[in-house]
Amino acid sequence: MASAFKTKTAVNIGTSLTSVYTAPANTTVTVIGCYICNQSGGAIEGTVEFYDTSESHHATLVKSTPIPSGSTVVVIGGDGKVVLEAGDIIKVQSNVVSSIDVTLSYLEQT
């Protein structure tokens, strides 16, 4: 089994629920960090969801979390981890257009 630490970023996420990362086929992924940063000039609210393909539903990790201008919220990190199976997706949304940057750190195992 091959393993690799990786990072995925997305910038200027706005009011549409946006897929940031989809676990590849035949892969198990452990998300070890998910950071959402408000890069706008005012306060915003951020939402992060986990789409579980095998269950065909979204599970909310944080919903409408207030993020002051220039601040970052740690959604996944420290002792908390999220495991994705093939096809599972991490999605992010803001209540303001082009306002959230995301950094996702993970371990991919194939």
# chains A, B, ... in the order shown; residues from 1 in each chain; ligands from 1
>>> residues_around(residues="segment 77-93 of chain A", least_positions_apart="2", cutoff="10 Å", atoms="only C-alpha atoms", output="PyMOL selection string")
chain A and resi 10+13-36+45-56+58-64+74-75+95-102+104-108
>>> select_by_dssp(residues="segment 56-100 of chain A", states="strand (DSSP E or B)", output="list in words")
His57, His58, Ala59, Thr60, Leu61, Val62, Lys63, Ser64, Thr65, Pro66, Ile67, Thr72, Val73, Val74, Val75, Ile76, Val82, Val83, Leu84, Ile89, Ile90, Lys91, Val92, Gln93, Ser94 and Ile100 of chain A
>>> atom_distance(atom1="atom CA of Ser69 of chain A", atom2="atom CA of Cys37 of chain A")
8.5 Å
>>> closest_residue(among="A:Thr110, A:Ser94, A:Thr103, A:Ser71", to="Lys8 of chain A", atoms="only C-alpha atoms")
A:Thr103
>>> atom_distance(atom1="atom CA of Asn38 of chain A", atom2="atom CA of Gly70 of chain A")
5.3 Å
>>> atom_distance(atom1="atom CA of Gly42 of chain A", atom2="atom CA of Pro66 of chain A")
10.8 Å
